[in-house]
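Everything below concerns the one structure shown next.
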Amino acid sequence: MDPRPRTRDPDQTRRSILDAALAEFAEKGLSGARVDEIAARTATTKRMIYYYFGSKEGLYAAVLEEMYGGIRDAEQALELDSLDPVAAMRRLIETTFDYHAAHPEFVRMVAVENIHNARHLQQAPAVADRNDAVIRTLRGLLDRGERAGVFRARVDAVDLHLLISSFCFYRVSNRHTLQAIFGRDLTAPQHVAAHRRMIVEAVLGWLRP
């Protein structure tokens with residue numbers, strides 16, 4: 001038997017704290033979340049959480065950065081340069097849709113941050129830098145498509161990002177009220193598939209010259 005005491009991997013500890021914090025913040029928001037509860041969800045302590053993240057607000061900002069990084073990583077892994085502009089745009093739209101559908105906690109975190117007027121995002125320049133990547137990607141696709149004659153001219157990349165993200169976000173953020181009002185479960189596979197096709201066709205149709 002090895003007599004040496006076990007030590008926790010710092011990366012594993014940090015990962016465990018972030019996962020627990022995401023669940024707590026997504027469920028209760030920044031104001032309602034408690035560091036004690038986050039510690040209780042992990043095999044660590046409140047003191048350790050402050051050691052890694054400084055404060056509850058610092059932990060919240062780290063979770064935001066993690067969530068935004070997730071969707072940006074998914075986009076950057078697509079290798080869109082190997083596809084023609086229309087196929088590349090289709091893949092990017094589908095990935096955006098799939099990420100929102102698979103990560104309702106991301107949608108909730110963004111909604112919470114909007115309640116706080118994006119105060120924490122404004123203090124996290126790394127998030128802004130990561131999000132610039134999707135605008136550069138869209139700008140590159142738009143330029144390629146315009147040169148090929150398959151996309152309309154002078155489309156603003158930020159406006160296009162809003163068009164794509166708004167539907168992907170809204171159908172997740174408002175799924176409970178939409179079900180209560182219209183009796184439709186937006187998480188049902190047939191509705192997910194139909195909405196995925198709809199946003200792709202709507203955006204590609206709008207982009208046609």
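Convention: chains lettered A, B, ... in structure tokens order; per-chain residue numbering from 1; ligands numbered from 1 as shown.
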Self-check item: Backbone DSSP call of alpha helix (DSSP H) for stretch 28-87 of chain A, listed as a ChimeraX atom specification
Solution: /A:28-32,35-40,46-53,56-76,85-87
Spatial neighbours of A:Thr96, max dist 8 Å, only C-alpha atoms, sep filter under 6 positions, as a CSV table (one decimal) with N, CA and C atoms, in the first residue's frame:
chain,number,residue,atom,x,y,z
A,71,ILE,N,-19.0,27.1,-27.2
A,71,ILE,CA,-19.6,27.3,-28.5
A,71,ILE,C,-18.6,27.7,-29.5
A,75,GLU,N,-17.4,25.8,-33.0
A,75,GLU,CA,-17.3,26.5,-34.3
A,75,GLU,C,-15.9,26.4,-35.0
A,164,ILE,N,-29.0,34.4,-36.9
A,164,ILE,CA,-28.8,33.0,-36.6
A,164,ILE,C,-29.1,32.7,-35.1
A,165,SER,N,-28.4,33.4,-34.3
A,165,SER,CA,-28.4,33.1,-32.8
A,165,SER,C,-29.8,33.4,-32.2
A,168,CYS,N,-32.1,30.3,-32.4
A,168,CYS,CA,-31.5,29.2,-31.7
A,168,CYS,C,-31.6,29.5,-30.2
Quiz item: Looking at A:Val86, A:Ala20, A:Ala157, A:Ile199, which one is nearest to A:Ala133, with distances taken over only C-alpha atoms?
Solution: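 Residue with the minimum atom-to-atom distance to A:Ala133: A:Ala157.
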Quiz item: Skipping near chain neighbours, those fewer than 3 positions away, what residues fall within 12 Å of A:Val127 using only C-alpha atoms, listed as a PyMOL selection string?
Solution: chain A and resi 61-72+118+120-124+130-134
List every residue of stretch 102-167 of chain A that has an atom at most 6 Å from any atom of stretch 23-37 of chain A, giving for each one its closest atom pair and the distance in Å to one decimal, counting only C-alpha atoms, sorted by chain and then by ascending residue number, as a tab-separated table.
residue	atom	partner	partner_atom	distance
A:Glu105	CA	A:Ala26	CA	5.6
A:Arg108	CA	A:Ala26	CA	5.5
A:Met109	CA	A:Ala26	CA	5.6
A:Val112	CA	A:Gly29	CA	6.0
Self-check item: Distance query A:Arg175 at most 10 Å, only C-alpha atoms, self and fewer than 6 positions along chain excluded, as an MDAnalysis selection string
Solution: chainID A and resid 104 169 181 184:187
